[in-house]
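Trainee: What follows is model.pdb; its format and atoms are PDB, C-alpha atoms.
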ATOM      1  CA  MET A   1      78.574 102.840  75.430  1.00  0.00           C
ATOM      2  CA  TRP A   2      76.754 104.891  78.078  1.00  0.00           C
ATOM      3  CA  ARG A   3      73.312 104.129  79.414  1.00  0.00           C
ATOM      4  CA  ASP A   4      72.188 107.747  79.080  1.00  0.00           C
ATOM      5  CA  ALA A   5      73.486 111.310  78.858  1.00  0.00           C
ATOM      6  CA  GLN A   6      73.684 111.707  82.639  1.00  0.00           C
ATOM      7  CA  HIS A   7      75.865 108.594  82.952  1.00  0.00           C
ATOM      8  CA  ALA A   8      78.162 109.912  80.211  1.00  0.00           C
ATOM      9  CA  LEU A   9      78.947 112.904  82.424  1.00  0.00           C
ATOM     10  CA  ASN A  10      80.156 110.622  85.211  1.00  0.00           C
ATOM     11  CA  PRO A  11      82.306 108.040  83.400  1.00  0.00           C
ATOM     12  CA  ASN A  12      84.333 105.425  85.205  1.00  0.00           C
ATOM     13  CA  GLN A  13      87.890 104.589  84.148  1.00  0.00           C
ATOM     14  CA  LYS A  14      86.820 101.554  82.122  1.00  0.00           C
ATOM     15  CA  GLU A  15      84.414 103.703  80.092  1.00  0.00           C
ATOM     16  CA  ILE A  16      87.046 106.380  79.577  1.00  0.00           C
ATOM     17  CA  LYS A  17      89.531 103.810  78.255  1.00  0.00           C
ATOM     18  CA  LEU A  18      86.933 102.314  75.915  1.00  0.00           C
ATOM     19  CA  TRP A  19      86.183 105.785  74.569  1.00  0.00           C
ATOM     20  CA  ALA A  20      89.852 106.803  74.272  1.00  0.00           C
ATOM     21  CA  TYR A  21      90.680 103.877  71.985  1.00  0.00           C
ATOM     22  CA  SER A  22      87.475 104.058  69.940  1.00  0.00           C
ATOM     23  CA  ASP A  23      86.308 106.229  67.056  1.00  0.00           C
ATOM     24  CA  MET A  24      83.463 107.705  69.113  1.00  0.00           C
ATOM     25  CA  ILE A  25      83.074 111.454  69.401  1.00  0.00           C
ATOM     26  CA  ILE A  26      82.804 113.002  72.845  1.00  0.00           C
ATOM     27  CA  PRO A  27      79.279 112.542  74.247  1.00  0.00           C
ATOM     28  CA  ASP A  28      78.931 116.123  75.519  1.00  0.00           C
ATOM     29  CA  GLN A  29      80.732 119.405  74.938  1.00  0.00           C
ATOM     30  CA  ASP A  30      81.814 119.524  78.612  1.00  0.00           C
ATOM     31  CA  TRP A  31      82.830 115.873  78.812  1.00  0.00           C
ATOM     32  CA  GLU A  32      86.506 116.692  79.337  1.00  0.00           C
ATOM     33  CA  LEU A  33      85.510 118.309  82.633  1.00  0.00           C
ATOM     34  CA  ALA A  34      84.049 114.985  83.781  1.00  0.00           C
ATOM     35  CA  VAL A  35      87.212 113.110  82.758  1.00  0.00           C
ATOM     36  CA  ASN A  36      89.747 115.506  84.265  1.00  0.00           C
ATOM     37  CA  SER A  37      90.318 114.522  87.861  1.00  0.00           C
ATOM     38  CA  PHE A  38      93.308 113.738  90.040  1.00  0.00           C
ATOM     39  CA  GLU A  39      92.315 110.055  90.161  1.00  0.00           C
ATOM     40  CA  ASN A  40      92.366 109.827  86.355  1.00  0.00           C
ATOM     41  CA  LEU A  41      95.739 111.552  85.927  1.00  0.00           C
ATOM     42  CA  PRO A  42      97.879 108.365  85.699  1.00  0.00           C
ATOM     43  CA  MET A  43      95.468 106.876  83.155  1.00  0.00           C
ATOM     44  CA  ILE A  44      95.428 110.068  81.071  1.00  0.00           C
ATOM     45  CA  CYS A  45      99.243 110.134  81.096  1.00  0.00           C
ATOM     46  CA  SER A  46      99.316 106.519  79.910  1.00  0.00           C
ATOM     47  CA  PHE A  47      97.223 107.573  76.891  1.00  0.00           C
ATOM     48  CA  ALA A  48      99.833 110.208  76.053  1.00  0.00           C
ATOM     49  CA  ASP A  49     102.528 107.509  76.272  1.00  0.00           C
ATOM     50  CA  GLY A  50     100.521 105.305  73.911  1.00  0.00           C
ATOM     51  CA  GLN A  51     100.055 102.561  76.509  1.00  0.00           C
ATOM     52  CA  LYS A  52      96.797 100.632  76.723  1.00  0.00           C
TER      53      LYS A  52
END
Could you quickly redo this structure as structure tokens?

Mentor:
Amino acid sequence: MWRDAQHALNPNQKEIKLWAYSDMIIPDQDWELAVNSFENLPMICSFADGQK
């Protein structure tokens, strides 16, 4: 899914959505820190609601 480990630590929203609805494990132990941002909050909330 990601070109390399460095790119996995800076995912865009499309990559986050692909990962969220896949069976892939997190690419790095600190990956949640890369995902958690104010801009991603609405998308993260939609995952909790079960919306794609």

Trainee: Specify the axis-aligned box that encloses all atoms of region 37-42 of chain A listed in the file after padding of 3 Å on each side, stating its centre and edge lengths in Å to one decimal as AutoDock Vina command-line options.

Mentor:
--center_x 94.1 --center_y 111.4 --center_z 87.9 --size_x 13.6 --size_y 12.2 --size_z 10.5

Trainee: Would you kindly translate the PyMOL selection byres ((chain A and resi 11-13) around 10) into the concrete residues it picks from this file, as a short mmCIF file (atom, residue, chain, number, x, y, z; two decimals) with C-alpha atoms, in the coordinates of the input?

Mentor:
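Dumped everything to part-v6.cif:
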data_model
loop_
_atom_site.label_atom_id
_atom_site.label_comp_id
_atom_site.auth_asym_id
_atom_site.auth_seq_id
_atom_site.Cartn_x
_atom_site.Cartn_y
_atom_site.Cartn_z
CA TRP A 2 76.75 104.89 78.08
CA GLN A 6 73.68 111.71 82.64
CA HIS A 7 75.86 108.59 82.95
CA ALA A 8 78.16 109.91 80.21
CA LEU A 9 78.95 112.90 82.42
CA ASN A 10 80.16 110.62 85.21
CA LYS A 14 86.82 101.55 82.12
CA GLU A 15 84.41 103.70 80.09
CA ILE A 16 87.05 106.38 79.58
CA LYS A 17 89.53 103.81 78.26
CA LEU A 18 86.93 102.31 75.92
CA TRP A 19 86.18 105.78 74.57
CA TRP A 31 82.83 115.87 78.81
CA ALA A 34 84.05 114.98 83.78
CA VAL A 35 87.21 113.11 82.76
CA GLU A 39 92.32 110.06 90.16
CA ASN A 40 92.37 109.83 86.36
CA MET A 43 95.47 106.88 83.16
CA ILE A 44 95.43 110.07 81.07
#

Trainee: Please, what distance in Å, to one decimal, runs between CA of Asp30 (chain A) and CA of Gly50 (chain A)?

Mentor: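 Answer for the CA of Asp30 (chain A) to CA of Gly50 (chain A) separation: 24.0 Å.
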
Trainee: Would you work out the distance separating CA of Cys45 (chain A) from CA of Ser22 (chain A), expressed in Å to one decimal?

Mentor: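 Pair CA of Cys45 (chain A) / CA of Ser22 (chain A) returns 17.3 Å.
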
Trainee: Between CA of Pro27 (chain A) and CA of Asp49 (chain A), what is the distance, to one decimal in Å?

Mentor: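 Atom-to-atom, CA of Pro27 (chain A) to CA of Asp49 (chain A), that is 23.9 Å.
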
Trainee: Generate N, CA and C atoms for region 2-31 of chain A and emit them as a CSV table (one decimal), keeping the file's coordinate frame.

Mentor:
chain,number,residue,atom,x,y,z
A,2,TRP,N,77.3,104.4,76.8
A,2,TRP,CA,76.8,104.9,78.1
A,2,TRP,C,75.3,104.7,78.1
A,3,ARG,N,74.8,104.4,79.3
A,3,ARG,CA,73.3,104.1,79.4
A,3,ARG,C,72.5,105.3,79.0
A,4,ASP,N,72.9,106.5,79.4
A,4,ASP,CA,72.2,107.7,79.1
A,4,ASP,C,73.1,108.9,79.2
A,5,ALA,N,72.6,110.1,78.9
A,5,ALA,CA,73.5,111.3,78.9
A,5,ALA,C,74.0,111.6,80.2
A,6,GLN,N,73.2,111.4,81.3
A,6,GLN,CA,73.7,111.7,82.6
A,6,GLN,C,74.8,110.8,83.0
A,7,HIS,N,74.8,109.5,82.6
A,7,HIS,CA,75.9,108.6,83.0
A,7,HIS,C,77.1,109.0,82.2
A,8,ALA,N,77.0,109.5,81.0
A,8,ALA,CA,78.2,109.9,80.2
A,8,ALA,C,78.9,111.0,80.9
A,9,LEU,N,78.3,111.8,81.7
A,9,LEU,CA,78.9,112.9,82.4
A,9,LEU,C,79.6,112.5,83.7
A,10,ASN,N,79.5,111.2,84.0
A,10,ASN,CA,80.2,110.6,85.2
A,10,ASN,C,80.8,109.3,84.8
A,11,PRO,N,81.7,109.3,83.9
A,11,PRO,CA,82.3,108.0,83.4
A,11,PRO,C,83.3,107.4,84.4
A,12,ASN,N,83.3,106.1,84.4
A,12,ASN,CA,84.3,105.4,85.2
A,12,ASN,C,85.6,105.2,84.3
A,13,GLN,N,86.6,104.7,84.9
A,13,GLN,CA,87.9,104.6,84.1
A,13,GLN,C,87.8,103.6,83.0
A,14,LYS,N,87.0,102.5,83.2
A,14,LYS,CA,86.8,101.6,82.1
A,14,LYS,C,86.1,102.2,80.9
A,15,GLU,N,85.1,103.0,81.2
A,15,GLU,CA,84.4,103.7,80.1
A,15,GLU,C,85.3,104.7,79.4
A,16,ILE,N,86.1,105.4,80.2
A,16,ILE,CA,87.0,106.4,79.6
A,16,ILE,C,88.0,105.7,78.7
A,17,LYS,N,88.6,104.6,79.1
A,17,LYS,CA,89.5,103.8,78.3
A,17,LYS,C,88.9,103.3,77.0
A,18,LEU,N,87.7,102.8,77.1
A,18,LEU,CA,86.9,102.3,75.9
A,18,LEU,C,86.7,103.5,74.9
A,19,TRP,N,86.4,104.6,75.4
A,19,TRP,CA,86.2,105.8,74.6
A,19,TRP,C,87.5,106.2,74.0
A,20,ALA,N,88.6,106.3,74.7
A,20,ALA,CA,89.9,106.8,74.3
A,20,ALA,C,90.4,106.0,73.1
A,21,TYR,N,90.2,104.7,73.1
A,21,TYR,CA,90.7,103.9,72.0
A,21,TYR,C,89.6,103.5,71.0
A,22,SER,N,88.5,104.3,70.9
A,22,SER,CA,87.5,104.1,69.9
A,22,SER,C,87.4,105.2,69.0
A,23,ASP,N,86.5,105.1,68.0
A,23,ASP,CA,86.3,106.2,67.1
A,23,ASP,C,85.1,107.1,67.4
A,24,MET,N,84.6,106.9,68.7
A,24,MET,CA,83.5,107.7,69.1
A,24,MET,C,83.8,109.2,69.4
A,25,ILE,N,82.9,110.1,69.1
A,25,ILE,CA,83.1,111.5,69.4
A,25,ILE,C,82.7,111.6,70.9
A,26,ILE,N,83.1,112.8,71.4
A,26,ILE,CA,82.8,113.0,72.8
A,26,ILE,C,81.3,113.1,73.0
A,27,PRO,N,80.7,112.6,74.1
A,27,PRO,CA,79.3,112.5,74.2
A,27,PRO,C,78.7,113.9,74.6
A,28,ASP,N,79.5,114.8,75.1
A,28,ASP,CA,78.9,116.1,75.5
A,28,ASP,C,80.0,117.2,75.4
A,29,GLN,N,79.7,118.4,75.1
A,29,GLN,CA,80.7,119.4,74.9
A,29,GLN,C,81.6,119.6,76.2
A,30,ASP,N,81.1,119.3,77.4
A,30,ASP,CA,81.8,119.5,78.6
A,30,ASP,C,82.4,118.2,79.2
A,31,TRP,N,82.4,117.2,78.3
A,31,TRP,CA,82.8,115.9,78.8
A,31,TRP,C,84.2,115.9,79.4
